[in-house]
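**Q** Provided herewith is a single structure, encoded as structure tokens, for subsequent inquiry.
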Amino acid sequence: MPNLTKIVNLVRRIYKDSGFEEPRRPGKKVFSDLYICQMVVVQTLKGYTSERQFLRYLRSHPSKAFPKIPSQSQYNQRSKALNQTIEQLTECLLRKLKIDQTKIRIIDATAVPVVKLYRANRTKAFANKRLFGIGYCAAKKEHYYGQKLTLVANQEGIPVAYHLMPANRHDVKGLKPATKNLSGIWLVADKGYIGKEQKQSLKEKKRITLITPVRRNQKIKLTKWEKRKLKHRQLIETINQQFKDHFGLERLRAKSAEGIKTRVRNIIFSYLIAIYFNKIYHRNLLSIKEILA
């Protein structure tokens with residue numbers, strides 16, 4: 001697996017360039033934040049949603065990149081505590097990817113099931129109705145229990161922002177939190193985001209122009225430029241499909257709300273690492289699956 005060492009070294013370079021300083025912890029330090037972060041990226045890019053299976057894989061395939069393997073409980077605890085680290089590394093990655101060079105952004109929402117629908121009323125770990133609910137997946141034409149991921153990407157397919165919310169909320173509810181740190185852009189969306197109020201609000205408060213298809217009963221006519229930009233919607237659907245097929249977004253195996261949040265965070269961060277890897281090695285940006293195949 002020739003790319004494994006390159007990916008591990010790339011994470012180390014991003015970590016160094018970000019200027020992140022690892023907090024001091026009492027006791028003997030065996031595994032650094034960087035080491036655990038490298039493991040998380042490799043696990044995610046390999047498509048493992050189970051920590052146990054991933055650690056078993058590392059033990060059966062020794063490599064110089066990971067000479068020591070933590071216990072499963074230690075790995076779980078340390079990976080969940082990487083929030084501040086990954087947040088700073090993500091900001092560094094986005095700067096390196098120069099996402100501000102274009103002003104086009106695409107937004108879409110996709111399902112994040114947490115348990116089977118028939119277990120929705122029996123689960124204690126995901127019983128908080130402020131975080132989870134019953135939603136409908138139009139692509140599969142079925143209901144599910146869990147959350148909804150609102151993802152924002154640029155026209156190259158680089159995720160720039162995201163937000164998790166209960167599955168029973170309308171897509172429009174994810175607009176404001178997902179665009180919290182965005183302004184002065186054109187935002188391309190599907191018909192689920194049609195609405196005069198949110199369009200005006202985004203325009204007045206954040207200088208964001210929302211571009212959506214029109215319904216048959218609307219008298220609005222789109223310009224040729226807007227019609228061209230709407231074709232970019234297919235790009236974010238490709239990203240969401242990769243999240244599901246390769247990264248296991250629909251089978252995260254988390255046992256808590258924090259676990260769901262951690263796994264989604266790891267998917268998006270690892271995806272950005274893969275995109276940056278493809279960029280510096282002059283590969284197709286969205287050829288993710290083949291990197292650690």
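So you can find residues: chains in the structure tokens are A, B, ... in the order shown, residues in each start at 1, and ligands are numbered from 1 in order.
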Could you name the residues that touch Arg251 in chain A at 8 Å or less, counting only C-alpha atoms, but leaving out those on the same chain fewer than 4 positions away, as an mmCIF file with N, CA and C atoms, in the first residue's frame?

**A**
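That gives us out.cif:
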```cif
data_model
loop_
_atom_site.group_PDB
_atom_site.id
_atom_site.type_symbol
_atom_site.label_atom_id
_atom_site.label_comp_id
_atom_site.auth_asym_id
_atom_site.auth_seq_id
_atom_site.Cartn_x
_atom_site.Cartn_y
_atom_site.Cartn_z
ATOM 1 N N THR A 49 -15.797 1.266 9.704
ATOM 2 C CA THR A 49 -16.670 1.956 10.659
ATOM 3 C C THR A 49 -16.563 1.339 12.044
ATOM 4 N N PRO A 113 -28.904 7.733 9.349
ATOM 5 C CA PRO A 113 -29.627 6.839 10.258
ATOM 6 C C PRO A 113 -28.741 6.425 11.432
ATOM 7 N N VAL A 114 -29.347 6.238 12.600
ATOM 8 C CA VAL A 114 -28.562 5.813 13.771
ATOM 9 C C VAL A 114 -28.979 4.442 14.278
#
```

**Q** Got a sec: who's within 12 Å of range 216-222 of chain A, counting only C-alpha atoms, leaving out chain neighbours fewer than 5 positions off, as a PyMOL selection string?

**A** chain A and resi 191+194-196+210-211+227-230

**Q** Could you write out the selected residues, including C-alpha atoms, as a PDB file, in the first residue's frame?

**A**
```
ATOM      1  CA  LYS A 191     -36.181  22.572  -4.525  1.00  0.00           C
ATOM      2  CA  ILE A 194     -37.242  27.151  -2.009  1.00  0.00           C
ATOM      3  CA  GLY A 195     -38.678  29.925   0.140  1.00  0.00           C
ATOM      4  CA  LYS A 196     -39.013  33.677  -0.191  1.00  0.00           C
ATOM      5  CA  LEU A 210     -29.699  31.518  -2.981  1.00  0.00           C
ATOM      6  CA  ILE A 211     -30.174  29.842  -6.367  1.00  0.00           C
ATOM      7  CA  LYS A 227     -29.332  27.431 -14.966  1.00  0.00           C
ATOM      8  CA  ARG A 228     -25.661  26.633 -15.573  1.00  0.00           C
ATOM      9  CA  LYS A 229     -24.850  26.925 -11.876  1.00  0.00           C
ATOM     10  CA  LEU A 230     -27.723  24.613 -10.928  1.00  0.00           C
TER      11      LEU A 230
END
```

**Q** At a cut-off of 8 Å, using only C-alpha atoms, what residues contact range 118-126 of chain A? Leave out same-chain residues fewer than 4 positions from it and give the result as a tab-separated table (two decimals) with N, CA and C atoms, in the first residue's frame.

**A**
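Wrote out-v7.tsv, looks like this:
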```tsv
chain	number	residue	atom	x	y	z
A	114	VAL	N	-29.35	6.24	12.60
A	114	VAL	CA	-28.56	5.81	13.77
A	114	VAL	C	-28.98	4.44	14.28
A	131	LEU	N	-32.23	16.04	19.29
A	131	LEU	CA	-31.10	15.67	18.44
A	131	LEU	C	-31.48	14.66	17.36
A	132	PHE	N	-32.51	13.85	17.63
A	132	PHE	CA	-32.87	12.78	16.71
A	132	PHE	C	-34.37	12.79	16.43
A	145	TYR	N	-34.74	6.67	11.21
A	145	TYR	CA	-34.61	7.36	12.50
A	145	TYR	C	-33.16	7.81	12.68
A	146	GLY	N	-32.98	9.09	12.96
A	146	GLY	CA	-31.62	9.57	13.15
A	146	GLY	C	-31.49	11.06	12.96
A	255	LYS	N	-22.63	4.69	19.38
A	255	LYS	CA	-23.48	4.30	20.51
A	255	LYS	C	-23.95	5.50	21.31
A	256	SER	N	-23.70	6.70	20.80
A	256	SER	CA	-24.13	7.91	21.49
A	256	SER	C	-24.21	9.06	20.50
A	257	ALA	N	-24.83	10.15	20.93
A	257	ALA	CA	-24.92	11.34	20.09
A	257	ALA	C	-23.53	11.90	19.82
```

**Q** Distance CA of Gln198 in chain A-CA of Thr212 in chain A, one decimal place?

**A** 12.0 Å

**Q** Identify, on the basis of only C-alpha atoms, every residue whose closest approach to Lys279 in chain A does not exceed 12 Å; exclude the query and any residue fewer than 5 positions from it along the same chain; express the result as a PDB file with N, CA and C atoms, in the first residue's frame.

**A**
```
ATOM      1  N   LEU A  93      -6.231  23.065   6.327  1.00  0.00           N
ATOM      2  CA  LEU A  93      -6.462  22.382   5.048  1.00  0.00           C
ATOM      3  C   LEU A  93      -7.249  23.252   4.079  1.00  0.00           C
ATOM      4  N   LYS A  96      -5.110  25.837   2.547  1.00  0.00           N
ATOM      5  CA  LYS A  96      -4.224  25.268   1.535  1.00  0.00           C
ATOM      6  C   LYS A  96      -4.971  24.934   0.248  1.00  0.00           C
ATOM      7  N   LEU A  97      -6.241  24.570   0.380  1.00  0.00           N
ATOM      8  CA  LEU A  97      -7.047  24.237  -0.788  1.00  0.00           C
ATOM      9  C   LEU A  97      -7.608  25.477  -1.484  1.00  0.00           C
ATOM     10  N   LYS A  98      -7.395  26.665  -0.867  1.00  0.00           N
ATOM     11  CA  LYS A  98      -7.770  27.952  -1.456  1.00  0.00           C
ATOM     12  C   LYS A  98      -9.247  27.993  -1.873  1.00  0.00           C
ATOM     13  N   GLU A 156     -15.664  22.710  -6.705  1.00  0.00           N
ATOM     14  CA  GLU A 156     -14.676  21.666  -6.973  1.00  0.00           C
ATOM     15  C   GLU A 156     -14.997  20.388  -6.221  1.00  0.00           C
ATOM     16  N   ILE A 158     -15.173  20.391  -2.698  1.00  0.00           N
ATOM     17  CA  ILE A 158     -14.488  20.457  -1.416  1.00  0.00           C
ATOM     18  C   ILE A 158     -15.480  20.871  -0.328  1.00  0.00           C
ATOM     19  N   LEU A 272     -11.238  15.678   3.290  1.00  0.00           N
ATOM     20  CA  LEU A 272     -10.425  16.843   2.930  1.00  0.00           C
ATOM     21  C   LEU A 272      -8.953  16.452   2.760  1.00  0.00           C
ATOM     22  N   ILE A 273      -8.464  15.583   3.642  1.00  0.00           N
ATOM     23  CA  ILE A 273      -7.089  15.089   3.520  1.00  0.00           C
ATOM     24  C   ILE A 273      -6.912  14.392   2.172  1.00  0.00           C
ATOM     25  N   ALA A 274      -7.886  13.558   1.803  1.00  0.00           N
ATOM     26  CA  ALA A 274      -7.816  12.822   0.537  1.00  0.00           C
ATOM     27  C   ALA A 274      -7.841  13.771  -0.657  1.00  0.00           C
ATOM     28  N   ASN A 284      -7.393  13.154  -9.939  1.00  0.00           N
ATOM     29  CA  ASN A 284      -8.775  13.629  -9.885  1.00  0.00           C
ATOM     30  C   ASN A 284      -9.146  13.878  -8.422  1.00  0.00           C
ATOM     31  N   LEU A 285      -9.613  15.087  -8.094  1.00  0.00           N
ATOM     32  CA  LEU A 285      -9.859  15.448  -6.699  1.00  0.00           C
ATOM     33  C   LEU A 285     -10.796  14.495  -5.987  1.00  0.00           C
ATOM     34  N   LEU A 286     -11.794  13.988  -6.681  1.00  0.00           N
ATOM     35  CA  LEU A 286     -12.807  13.165  -6.036  1.00  0.00           C
ATOM     36  C   LEU A 286     -12.562  11.664  -6.183  1.00  0.00           C
ATOM     37  N   SER A 287     -11.373  11.280  -6.624  1.00  0.00           N
ATOM     38  CA  SER A 287     -11.008   9.854  -6.663  1.00  0.00           C
ATOM     39  C   SER A 287     -10.490   9.452  -5.282  1.00  0.00           C
ATOM     40  N   ILE A 288     -11.414   9.201  -4.394  1.00  0.00           N
ATOM     41  CA  ILE A 288     -11.084   8.975  -2.974  1.00  0.00           C
ATOM     42  C   ILE A 288     -10.868   7.499  -2.656  1.00  0.00           C
TER      43      ILE A 288
END
```

**Q** With DSSP run on the backbone, what are the strand (DSSP E or B) residues within range 24-197 of chain A? I'd like them as a PyMOL selection string.

**A** chain A and resi 104-115+133-137+142-154+159-166+186-188

**Q** Please produce an output containing C-alpha atoms for each residue in the selection, written as a PDB file, in the first residue's frame.

**A**
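Here's the written file again23.pdb:
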```pdb
ATOM      1  CA  ILE A 104     -20.010  29.341  -5.738  1.00  0.00           C
ATOM      2  CA  ARG A 105     -21.200  27.001  -2.973  1.00  0.00           C
ATOM      3  CA  ILE A 106     -23.579  24.036  -3.158  1.00  0.00           C
ATOM      4  CA  ILE A 107     -25.781  22.869  -0.291  1.00  0.00           C
ATOM      5  CA  ASP A 108     -27.650  19.616   0.206  1.00  0.00           C
ATOM      6  CA  ALA A 109     -29.037  17.475   3.034  1.00  0.00           C
ATOM      7  CA  THR A 110     -28.646  13.715   3.382  1.00  0.00           C
ATOM      8  CA  ALA A 111     -29.847  11.061   5.812  1.00  0.00           C
ATOM      9  CA  VAL A 112     -27.772   9.852   8.765  1.00  0.00           C
ATOM     10  CA  PRO A 113     -29.627   6.839  10.258  1.00  0.00           C
ATOM     11  CA  VAL A 114     -28.562   5.813  13.771  1.00  0.00           C
ATOM     12  CA  VAL A 115     -30.765   2.755  14.464  1.00  0.00           C
ATOM     13  CA  GLY A 133     -36.153  12.182  14.917  1.00  0.00           C
ATOM     14  CA  ILE A 134     -37.931  10.238  12.175  1.00  0.00           C
ATOM     15  CA  GLY A 135     -37.160  11.549   8.708  1.00  0.00           C
ATOM     16  CA  TYR A 136     -37.901  10.562   5.134  1.00  0.00           C
ATOM     17  CA  CYS A 137     -35.262   9.623   2.566  1.00  0.00           C
ATOM     18  CA  GLU A 142     -38.417   5.189   3.059  1.00  0.00           C
ATOM     19  CA  HIS A 143     -38.469   6.599   6.578  1.00  0.00           C
ATOM     20  CA  TYR A 144     -35.508   6.373   8.938  1.00  0.00           C
ATOM     21  CA  TYR A 145     -34.606   7.364  12.499  1.00  0.00           C
ATOM     22  CA  GLY A 146     -31.621   9.568  13.152  1.00  0.00           C
ATOM     23  CA  GLN A 147     -30.203  12.852  11.966  1.00  0.00           C
ATOM     24  CA  LYS A 148     -29.792  14.870   8.792  1.00  0.00           C
ATOM     25  CA  LEU A 149     -26.428  16.119   7.542  1.00  0.00           C
ATOM     26  CA  THR A 150     -26.505  19.500   5.792  1.00  0.00           C
ATOM     27  CA  LEU A 151     -23.318  19.787   3.747  1.00  0.00           C
ATOM     28  CA  VAL A 152     -21.908  22.819   1.932  1.00  0.00           C
ATOM     29  CA  ALA A 153     -19.223  22.330  -0.735  1.00  0.00           C
ATOM     30  CA  ASN A 154     -17.581  24.528  -3.348  1.00  0.00           C
ATOM     31  CA  PRO A 159     -16.663  20.404   1.748  1.00  0.00           C
ATOM     32  CA  VAL A 160     -16.429  23.778   3.486  1.00  0.00           C
ATOM     33  CA  ALA A 161     -19.136  23.589   6.169  1.00  0.00           C
ATOM     34  CA  TYR A 162     -21.678  21.177   7.624  1.00  0.00           C
ATOM     35  CA  HIS A 163     -24.403  20.880  10.247  1.00  0.00           C
ATOM     36  CA  LEU A 164     -26.181  17.981  11.952  1.00  0.00           C
ATOM     37  CA  MET A 165     -29.825  18.256  12.973  1.00  0.00           C
ATOM     38  CA  PRO A 166     -32.766  15.924  13.759  1.00  0.00           C
ATOM     39  CA  TRP A 186     -23.872  32.278  -4.478  1.00  0.00           C
ATOM     40  CA  LEU A 187     -25.478  29.248  -2.866  1.00  0.00           C
ATOM     41  CA  VAL A 188     -26.857  26.557  -5.175  1.00  0.00           C
TER      42      VAL A 188
END
```
